[in-house]
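As stored in target-v3.csv (CSV, C-alpha atoms):
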```csv
chain,number,residue,atom,x,y,z
N,1,MET,CA,9.3,18.0,14.0
N,2,THR,CA,6.5,15.6,14.2
N,3,LYS,CA,3.1,16.4,12.6
N,4,LEU,CA,1.7,16.7,16.1
N,5,VAL,CA,4.2,19.3,17.0
N,6,GLU,CA,3.6,21.2,13.7
N,7,TRP,CA,-0.1,21.3,14.4
N,8,LEU,CA,0.3,22.4,18.0
N,9,LEU,CA,2.6,25.1,16.8
N,10,GLY,CA,0.2,26.2,14.1
N,11,VAL,CA,-2.8,26.2,16.3
N,12,SER,CA,-0.9,28.2,19.0
N,13,LEU,CA,0.1,30.8,16.5
N,14,VAL,CA,-3.3,31.2,15.1
N,15,GLY,CA,-4.9,31.0,18.5
N,16,ALA,CA,-2.6,33.7,19.8
N,17,ALA,CA,-3.3,36.0,16.9
N,18,TRP,CA,-7.0,35.4,17.3
N,19,ALA,CA,-6.9,36.1,21.1
N,20,LEU,CA,-4.8,39.2,20.5
N,21,VAL,CA,-7.3,40.7,18.1
N,22,SER,CA,-10.5,39.5,19.8
N,23,PHE,CA,-9.7,40.5,23.3
N,24,ASP,CA,-7.4,43.3,22.5
N,25,LEU,CA,-4.7,41.8,24.7
N,26,LEU,CA,-2.1,44.4,23.9
N,27,ASP,CA,-4.3,47.4,24.2
N,28,LEU,CA,-3.9,48.2,20.6
N,29,SER,CA,-7.2,49.9,20.3
N,30,LEU,CA,-8.1,48.3,17.0
N,31,PRO,CA,-11.2,49.3,15.3
N,32,GLN,CA,-14.3,47.5,16.5
N,33,THR,CA,-14.9,45.8,13.2
N,34,TYR,CA,-11.7,43.9,13.5
N,35,ARG,CA,-12.8,42.5,16.8
N,36,GLU,CA,-16.2,41.7,15.6
N,37,VAL,CA,-14.9,39.8,12.6
N,38,ALA,CA,-12.1,38.0,14.4
N,39,TRP,CA,-14.2,36.7,17.3
N,40,PRO,CA,-16.3,34.1,15.5
N,41,MET,CA,-13.5,33.1,13.1
N,42,PRO,CA,-12.5,29.9,14.7
N,43,LEU,CA,-16.0,28.6,14.6
N,44,TYR,CA,-16.4,29.7,11.0
N,45,LEU,CA,-13.2,28.1,10.0
N,46,LEU,CA,-14.1,24.9,11.7
N,47,VAL,CA,-17.5,24.8,10.0
N,48,SER,CA,-16.0,25.6,6.6
N,49,PHE,CA,-13.5,22.9,7.0
N,50,GLY,CA,-16.2,20.5,8.0
N,51,CYS,CA,-18.2,21.3,4.9
N,52,PHE,CA,-15.1,21.1,2.7
N,53,SER,CA,-14.3,17.6,4.1
N,54,LEU,CA,-17.8,16.3,3.6
N,55,ALA,CA,-17.9,17.6,0.0
N,56,THR,CA,-14.5,16.2,-0.7
N,57,VAL,CA,-15.2,12.8,0.7
N,58,GLY,CA,-18.6,12.7,-0.9
N,59,TYR,CA,-17.1,13.5,-4.3
N,60,ARG,CA,-14.4,10.9,-3.9
N,61,VAL,CA,-16.9,8.2,-2.9
N,62,ALA,CA,-19.1,9.1,-5.9
N,63,THR,CA,-16.2,8.9,-8.3
N,64,PHE,CA,-14.6,5.8,-6.8
N,65,ASN,CA,-13.9,3.6,-9.8
N,66,ASP,CA,-15.5,0.1,-10.0
N,67,CYS,CA,-13.2,-2.2,-11.8
N,68,ASP,CA,-15.7,-4.6,-13.3
N,69,GLU,CA,-13.5,-5.4,-16.3
N,70,ALA,CA,-10.6,-6.2,-14.1
N,71,ALA,CA,-12.7,-8.5,-12.1
N,72,LYS,CA,-13.9,-10.3,-15.2
N,73,GLU,CA,-10.5,-10.6,-16.5
N,74,LEU,CA,-9.3,-12.0,-13.3
N,75,MET,CA,-12.0,-14.7,-13.2
N,76,GLU,CA,-11.0,-15.7,-16.7
N,77,GLN,CA,-7.4,-15.9,-15.7
N,78,ILE,CA,-8.1,-17.9,-12.6
N,79,LYS,CA,-9.8,-20.5,-14.8
N,80,GLU,CA,-6.9,-20.5,-17.2
N,81,ALA,CA,-4.5,-20.7,-14.3
N,82,LYS,CA,-6.2,-23.7,-12.7
N,83,GLU,CA,-6.2,-25.6,-16.0
N,84,ASP,CA,-2.6,-24.9,-16.6
N,85,LEU,CA,-1.5,-25.7,-13.1
N,86,ARG,CA,-3.4,-29.0,-13.2
N,87,LYS,CA,-1.7,-29.9,-16.4
N,88,ARG,CA,1.7,-29.2,-14.8
N,89,GLY,CA,0.9,-31.5,-12.0
N,90,LEU,CA,-0.1,-29.2,-9.2
N,91,LYS,CA,-2.3,-31.0,-6.7
N,92,MET,CA,-4.8,-28.7,-5.1
X,1,MET,CA,20.3,-21.5,-3.1
X,2,ALA,CA,18.2,-20.2,-5.9
X,3,SER,CA,19.2,-20.7,-9.4
X,4,ARG,CA,18.8,-17.6,-11.6
X,5,LYS,CA,16.4,-17.8,-14.4
X,6,THR,CA,17.0,-15.3,-17.2
X,7,SER,CA,13.9,-14.8,-19.2
X,8,HIS,CA,13.9,-12.9,-22.6
X,9,PRO,CA,17.0,-10.8,-22.3
X,10,ASN,CA,15.3,-8.2,-24.5
X,11,ARG,CA,15.3,-5.7,-21.6
X,12,ASP,CA,18.7,-4.1,-21.4
X,13,SER,CA,19.3,-4.3,-17.8
X,14,GLU,CA,20.7,-6.4,-15.1
X,15,ASP,CA,17.7,-5.3,-13.2
X,16,LYS,CA,16.0,-8.1,-11.3
X,17,TYR,CA,12.8,-7.9,-9.4
X,18,SER,CA,12.3,-9.9,-6.2
X,19,ILE,CA,8.7,-10.3,-5.3
X,20,LEU,CA,8.1,-10.9,-1.6
X,21,LEU,CA,4.9,-12.7,-0.7
X,22,PRO,CA,4.1,-13.0,3.0
X,23,THR,CA,1.5,-15.7,3.3
X,24,TYR,CA,-0.6,-17.2,5.9
X,25,ASN,CA,-3.2,-19.8,4.9
X,26,GLU,CA,-3.0,-19.0,1.3
X,27,ARG,CA,-3.0,-22.5,0.0
X,28,GLU,CA,-5.6,-21.8,-2.6
X,29,ASN,CA,-4.5,-18.3,-3.6
X,30,LEU,CA,-0.8,-18.9,-3.8
X,31,PRO,CA,-0.7,-21.0,-7.0
X,32,LEU,CA,-2.9,-18.5,-8.7
X,33,ILE,CA,-0.8,-15.5,-7.7
X,34,VAL,CA,2.3,-17.3,-8.7
X,35,TRP,CA,0.8,-18.3,-12.0
X,36,LEU,CA,-0.2,-14.7,-12.7
X,37,LEU,CA,3.2,-13.4,-11.8
X,38,VAL,CA,4.9,-15.9,-13.9
X,39,LYS,CA,2.7,-15.0,-16.8
X,40,TYR,CA,3.1,-11.3,-16.6
X,41,PHE,CA,6.7,-11.2,-15.8
X,42,GLY,CA,7.3,-13.7,-18.6
X,43,GLU,CA,5.5,-11.5,-21.0
X,44,SER,CA,7.3,-8.4,-19.9
X,45,GLY,CA,10.7,-9.8,-20.2
X,46,TYR,CA,12.0,-8.6,-16.9
X,47,ASN,CA,14.1,-10.8,-14.7
X,48,TYR,CA,12.3,-11.8,-11.5
X,49,GLU,CA,12.1,-14.2,-8.6
X,50,ILE,CA,9.3,-14.9,-6.2
X,51,ILE,CA,10.0,-15.3,-2.5
X,52,VAL,CA,7.3,-16.9,-0.5
X,53,ILE,CA,7.5,-16.1,3.2
X,54,ASP,CA,5.2,-18.4,4.9
X,55,ASP,CA,4.3,-18.2,8.6
X,56,GLY,CA,3.9,-21.9,9.3
X,57,SER,CA,0.4,-21.9,7.8
X,58,PRO,CA,-1.6,-24.9,9.1
X,59,ASP,CA,-3.4,-25.3,5.8
X,60,GLY,CA,-0.4,-26.5,4.0
X,61,THR,CA,0.6,-23.4,2.1
X,62,LEU,CA,4.2,-24.4,2.4
X,63,GLU,CA,3.6,-27.7,0.6
X,64,VAL,CA,1.9,-25.9,-2.2
X,65,ALA,CA,4.8,-23.5,-2.4
X,66,LYS,CA,7.2,-26.5,-2.7
X,67,GLN,CA,5.1,-28.0,-5.5
X,68,LEU,CA,5.2,-24.7,-7.3
X,69,GLN,CA,9.0,-24.7,-6.8
X,70,LYS,CA,9.2,-28.0,-8.6
X,71,ILE,CA,6.9,-26.8,-11.5
X,72,TYR,CA,8.6,-23.5,-12.1
X,73,GLY,CA,12.1,-24.1,-10.9
X,74,GLU,CA,14.0,-22.6,-8.1
X,75,ASP,CA,13.2,-19.1,-9.0
X,76,LYS,CA,10.8,-19.3,-6.2
X,77,ILE,CA,12.6,-19.5,-2.9
X,78,VAL,CA,10.7,-21.0,0.0
X,79,SER,CA,11.9,-19.5,3.2
X,80,GLU,CA,10.8,-20.6,6.6
X,81,PRO,CA,11.0,-17.7,8.9
X,82,PRO,CA,11.6,-18.1,12.6
X,83,ARG,CA,9.1,-15.4,13.3
X,84,PRO,CA,5.5,-14.5,12.3
X,85,ALA,CA,5.3,-13.4,8.7
X,86,LEU,CA,3.1,-10.3,9.4
X,87,SER,CA,3.3,-7.7,6.7
X,88,ASP,CA,5.8,-5.7,8.6
X,89,GLY,CA,9.5,-5.4,9.0
X,90,THR,CA,10.2,-8.9,10.2
X,91,ALA,CA,8.9,-10.6,7.1
X,92,TYR,CA,10.5,-8.2,4.8
X,93,ILE,CA,13.9,-8.3,6.5
X,94,HIS,CA,13.8,-12.1,6.3
X,95,GLY,CA,12.7,-12.0,2.7
X,96,MET,CA,15.3,-9.5,1.7
X,97,LYS,CA,18.1,-11.7,3.0
X,98,HIS,CA,17.2,-14.2,0.4
X,99,ALA,CA,16.5,-11.7,-2.4
X,100,THR,CA,18.9,-11.5,-5.2
X,101,GLY,CA,17.2,-8.7,-7.1
X,102,ASN,CA,17.9,-5.0,-7.0
X,103,PHE,CA,14.3,-4.1,-6.8
X,104,ILE,CA,11.8,-5.5,-4.3
X,105,ILE,CA,8.1,-5.8,-5.0
X,106,ILE,CA,5.8,-6.3,-2.0
X,107,MET,CA,2.3,-7.5,-2.5
X,108,ASP,CA,-0.1,-9.3,-0.3
X,109,ALA,CA,-0.8,-12.8,-1.5
X,110,ASP,CA,-4.5,-12.3,-1.7
X,111,LEU,CA,-4.4,-9.8,-4.5
X,112,SER,CA,-3.3,-9.8,-8.1
X,113,HIS,CA,-2.2,-6.9,-10.2
X,114,HIS,CA,-0.6,-6.2,-13.5
X,115,VAL,CA,2.9,-6.0,-12.1
X,116,SER,CA,4.8,-4.9,-15.1
X,117,GLY,CA,3.0,-1.6,-15.0
X,118,VAL,CA,4.7,-0.9,-11.7
X,119,CYS,CA,8.1,-1.8,-13.2
X,120,ASN,CA,7.6,0.5,-16.2
X,121,LYS,CA,6.5,3.4,-14.0
X,122,GLN,CA,9.6,3.0,-11.9
X,123,LYS,CA,11.8,3.2,-15.0
X,124,GLU,CA,9.9,6.3,-16.1
X,125,GLY,CA,11.2,8.5,-13.4
X,126,ASN,CA,13.8,6.3,-11.7
X,127,TYR,CA,11.7,6.4,-8.6
X,128,ASP,CA,12.9,5.1,-5.3
X,129,LEU,CA,9.5,3.8,-4.5
X,130,VAL,CA,6.4,3.1,-6.6
X,131,SER,CA,3.1,2.7,-4.8
X,132,GLY,CA,-0.1,1.2,-6.2
X,133,THR,CA,-3.1,3.5,-5.7
X,134,ARG,CA,-6.7,2.7,-5.8
X,135,TYR,CA,-7.7,6.3,-5.7
X,136,GLN,CA,-6.3,7.8,-8.8
X,137,GLY,CA,-6.2,7.4,-12.5
X,138,ASN,CA,-8.1,4.3,-13.5
X,139,GLY,CA,-7.3,2.6,-10.2
X,140,GLY,CA,-10.3,1.3,-8.3
X,141,VAL,CA,-12.0,-1.5,-6.5
X,142,TYR,CA,-14.5,-4.2,-7.2
X,143,GLY,CA,-17.5,-5.3,-5.3
X,144,TRP,CA,-17.3,-2.7,-2.6
X,145,ASP,CA,-20.5,-1.5,-1.1
X,146,LEU,CA,-21.2,2.2,-0.3
X,147,ARG,CA,-20.3,1.7,3.4
X,148,ARG,CA,-16.9,0.3,2.5
X,149,LYS,CA,-16.1,3.0,0.0
X,150,LEU,CA,-17.2,5.7,2.4
X,151,ILE,CA,-15.0,4.3,5.2
X,152,SER,CA,-12.0,3.9,2.9
X,153,ARG,CA,-12.3,7.4,1.4
X,154,GLY,CA,-13.0,9.0,4.8
X,155,ALA,CA,-10.0,7.3,6.4
X,156,ASN,CA,-7.8,8.2,3.5
X,157,PHE,CA,-8.9,11.8,3.7
X,158,LEU,CA,-8.1,11.9,7.4
X,159,SER,CA,-4.7,10.5,6.9
X,160,GLN,CA,-4.0,13.1,4.1
X,161,VAL,CA,-5.0,15.9,6.4
X,162,LEU,CA,-3.0,14.7,9.4
X,163,LEU,CA,0.0,13.2,7.7
X,164,ARG,CA,0.3,15.0,4.4
X,165,PRO,CA,2.2,11.9,3.1
X,166,GLY,CA,2.5,12.9,-0.6
X,167,ALA,CA,1.0,9.7,-1.7
X,168,SER,CA,-2.7,9.1,-2.5
X,169,ASP,CA,-3.0,5.6,-1.1
X,170,LEU,CA,-1.4,4.8,2.2
X,171,THR,CA,-3.0,1.5,3.0
X,172,GLY,CA,-2.6,0.0,-0.4
X,173,SER,CA,-0.6,-3.2,-0.3
X,174,PHE,CA,1.3,-3.2,-3.6
X,175,ARG,CA,4.6,-1.5,-3.8
X,176,LEU,CA,8.0,-1.5,-5.6
X,177,TYR,CA,11.1,-0.4,-3.8
X,178,LYS,CA,14.7,-0.1,-4.8
X,179,LYS,CA,16.4,-2.6,-2.6
X,180,SER,CA,18.6,-0.1,-0.8
X,181,VAL,CA,15.6,2.2,-0.2
X,182,LEU,CA,13.6,-0.7,1.4
X,183,GLU,CA,16.6,-1.6,3.6
X,184,SER,CA,16.9,1.9,4.9
X,185,LEU,CA,13.2,2.3,5.5
X,186,VAL,CA,12.8,-1.0,7.2
X,187,GLU,CA,15.5,0.0,9.6
X,188,ARG,CA,13.7,3.2,10.6
X,189,CYS,CA,10.1,1.9,10.8
X,190,VAL,CA,8.9,0.5,14.1
X,191,SER,CA,5.2,-0.1,13.6
X,192,LYS,CA,3.6,-3.5,13.4
X,193,GLY,CA,1.2,-5.0,10.9
X,194,TYR,CA,-0.2,-2.8,8.2
X,195,VAL,CA,0.5,0.4,10.0
X,196,PHE,CA,4.0,-0.4,9.1
X,197,GLN,CA,3.0,0.1,5.4
X,198,MET,CA,1.7,3.5,6.2
X,199,GLU,CA,4.8,4.4,8.1
X,200,MET,CA,7.0,3.3,5.3
X,201,ILE,CA,5.5,5.8,2.9
X,202,VAL,CA,5.4,8.6,5.4
X,203,ARG,CA,9.1,8.1,6.2
X,204,ALA,CA,10.0,7.7,2.6
X,205,ARG,CA,8.7,11.2,2.0
X,206,GLN,CA,10.5,12.6,5.0
X,207,LEU,CA,13.8,11.1,3.7
X,208,ASN,CA,13.1,12.8,0.4
X,209,TYR,CA,12.8,9.6,-1.6
X,210,THR,CA,11.0,10.0,-4.8
X,211,VAL,CA,7.6,8.3,-4.8
X,212,GLY,CA,5.8,7.4,-8.0
X,213,GLU,CA,2.2,6.2,-8.2
X,214,VAL,CA,0.5,3.7,-10.5
X,215,PRO,CA,-3.2,3.0,-10.5
X,216,ILE,CA,-4.2,-0.5,-9.5
X,217,SER,CA,-7.4,-2.5,-9.6
X,218,PHE,CA,-8.1,-3.9,-6.2
X,219,VAL,CA,-10.1,-7.0,-6.8
X,220,ASP,CA,-11.0,-8.3,-3.4
X,221,ARG,CA,-9.3,-11.5,-2.5
X,222,VAL,CA,-9.0,-14.1,-5.2
X,223,TYR,CA,-10.8,-16.4,-2.8
X,224,GLY,CA,-12.7,-15.4,0.3
X,225,GLU,CA,-13.5,-12.0,1.5
X,226,SER,CA,-11.7,-9.2,3.2
X,227,LYS,CA,-13.6,-7.8,6.2
X,228,LEU,CA,-13.7,-4.2,7.2
X,229,GLY,CA,-15.1,-4.4,10.6
X,230,GLY,CA,-14.9,-2.4,13.8
X,231,ASN,CA,-11.6,-4.0,14.7
X,232,GLU,CA,-9.9,-2.9,11.5
X,233,ILE,CA,-11.2,0.7,11.9
X,234,VAL,CA,-10.0,0.9,15.5
X,235,SER,CA,-6.5,-0.3,14.7
X,236,PHE,CA,-6.4,2.0,11.7
X,237,ALA,CA,-7.3,4.9,14.0
X,238,LYS,CA,-4.7,3.9,16.5
X,239,GLY,CA,-2.1,3.6,13.9
X,240,LEU,CA,-2.9,7.0,12.4
X,241,ILE,CA,-2.6,8.7,15.8
X,242,THR,CA,0.7,6.9,16.5
X,243,LEU,CA,2.1,8.1,13.2
X,244,PHE,CA,0.8,11.5,13.7
X,245,ALA,CA,2.6,11.8,17.0
X,246,THR,CA,5.8,10.1,16.0
X,247,THR,CA,6.6,11.1,12.4
```

In structure tokens, how does this file's structure come out?
Amino acid sequence: MTKLVEWLLGVSLVGAAWALVSFDLLDLSLPQTYREVAWPMPLYLLVSFGCFSLATVGYRVATFNDCDEAAKELMEQIKEAKEDLRKRGLKM
Amino acid sequence: MASRKTSHPNRDSEDKYSILLPTYNERENLPLIVWLLVKYFGESGYNYEIIVIDDGSPDGTLEVAKQLQKIYGEDKIVSEPPRPALSDGTAYIHGMKHATGNFIIIMDADLSHHVSGVCNKQKEGNYDLVSGTRYQGNGGVYGWDLRRKLISRGANFLSQVLLRPGASDLTGSFRLYKKSVLESLVERCVSKGYVFQMEMIVRARQLNYTVGEVPISFVDRVYGESKLGGNEIVSFAKGLITLFATT
């Protein structure tokens, strides 16, 4: 099953459950509160996910390591490498 | 063919690491990468060989590779592929044909890493695949502005949500594979270019291969600059959607 199919399946199931409760498709005569809570759920979930995403990405950007030492070390090594390679006869 | 160089046999194994380097116009970087690899592998005591896969670079990369071959011996195999050496299956298939190691390391020729860390990690858990990650541990980047970090993290987040790949860095370019694992993955992967790298990890997970991760410091191109422009973003998005729909 591809990810696309997984998602379509998941969305259909959740969508069906939501429609069932919100619009009382099976005439289950659920209490009014159920319907009231279920109806705006998709929107709430979307917004929550949006906020979660922003927070997560923001956090990750803020904590993205900067490797200053690695860069310095690399510059040193490049110098060393060029010297050594020149000695060994590399024509650049 | 390549002669085998055995450095410090203080490591117990007959393990040998074949490093595949696809190159295009890397005349200035290649000697530096090779020098670094020779240094680190020499220090680590692991057996290794470096396979340069050049795509007929007009800047003379191949000549430089031949000079390096003279300097360091025929550990380095210069292969001249009949097809473009993109970082996808064709270059690796060609490289693997000449590889005599039982582990394959793939890295882009414009980066440098402490490679022995990857080998050690693999031994830790006998992983089928070890992937370098910029996003975890003390992995990271150098010289990236906010925009680039944002795009990188955002894109990675999106791919985590959509693909749930089980690896933190999908577009990183530094990996170690067991040779048999790489062979089986390359057979199954159909994407081109760097999307191929993403597909490899996703499929590896699906096939229940064990994936280890090791932090890497991504210091942007030894010479020159990598660009992250609109084109790259668009092709990433296309690749992501393709993988979403086909894996």

Report as a CSV table (one decimal) with C-alpha atoms, in the coordinates of the input the set of chain X residues whose atoms approach chain N to within 8 Å, with distances computed over all atoms listed in the file.
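In the end it all went to selection18.csv:
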```
chain,number,residue,atom,x,y,z
X,28,GLU,CA,-5.6,-21.8,-2.6
X,31,PRO,CA,-0.7,-21.0,-7.0
X,32,LEU,CA,-2.9,-18.5,-8.7
X,35,TRP,CA,0.8,-18.3,-12.0
X,36,LEU,CA,-0.2,-14.7,-12.7
X,64,VAL,CA,1.9,-25.9,-2.2
X,67,GLN,CA,5.1,-28.0,-5.5
X,68,LEU,CA,5.2,-24.7,-7.3
X,71,ILE,CA,6.9,-26.8,-11.5
X,135,TYR,CA,-7.7,6.3,-5.7
X,138,ASN,CA,-8.1,4.3,-13.5
X,139,GLY,CA,-7.3,2.6,-10.2
X,140,GLY,CA,-10.3,1.3,-8.3
X,141,VAL,CA,-12.0,-1.5,-6.5
X,142,TYR,CA,-14.5,-4.2,-7.2
X,143,GLY,CA,-17.5,-5.3,-5.3
X,146,LEU,CA,-21.2,2.2,-0.3
X,149,LYS,CA,-16.1,3.0,0.0
X,150,LEU,CA,-17.2,5.7,2.4
X,153,ARG,CA,-12.3,7.4,1.4
X,154,GLY,CA,-13.0,9.0,4.8
X,157,PHE,CA,-8.9,11.8,3.7
X,162,LEU,CA,-3.0,14.7,9.4
X,163,LEU,CA,0.0,13.2,7.7
X,217,SER,CA,-7.4,-2.5,-9.6
X,218,PHE,CA,-8.1,-3.9,-6.2
X,219,VAL,CA,-10.1,-7.0,-6.8
X,244,PHE,CA,0.8,11.5,13.7
X,245,ALA,CA,2.6,11.8,17.0
X,246,THR,CA,5.8,10.1,16.0
X,247,THR,CA,6.6,11.1,12.4
```

_Contacts of region 195-211 of chain X at 8 Å (all atoms listed in the file; same-chain gap of 6+ positions) as a list in words_ =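 Once the nearby chain positions are removed, what remains is Ser87, Asp88, Gly89, Tyr127, Asp128, Leu129, Val130, Ser131, Leu163, Pro165, Gly166, Ala167, Leu170, Thr171, Ser173, Leu185, Val186, Cys189, Phe236, Gly239, Leu240, Leu243 and Thr247 of chain X.
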
_Atomic separation - CA of Thr90 (chain X) relative to CA of Glu183 (chain X), Å_ =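 Result for CA of Glu183 (chain X) versus CA of Thr90 (chain X): 11.7 Å, one decimal.
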
*Work out how far apart CA of Lys192 (chain X) and CA of Thr242 (chain X) are and give it in Å to one decimal.*
11.2 Å

*Measure the distance from CA of Ser29 (chain N) to CA of Pro42 (chain N) in Å and round it to one decimal.*
21.4 Å
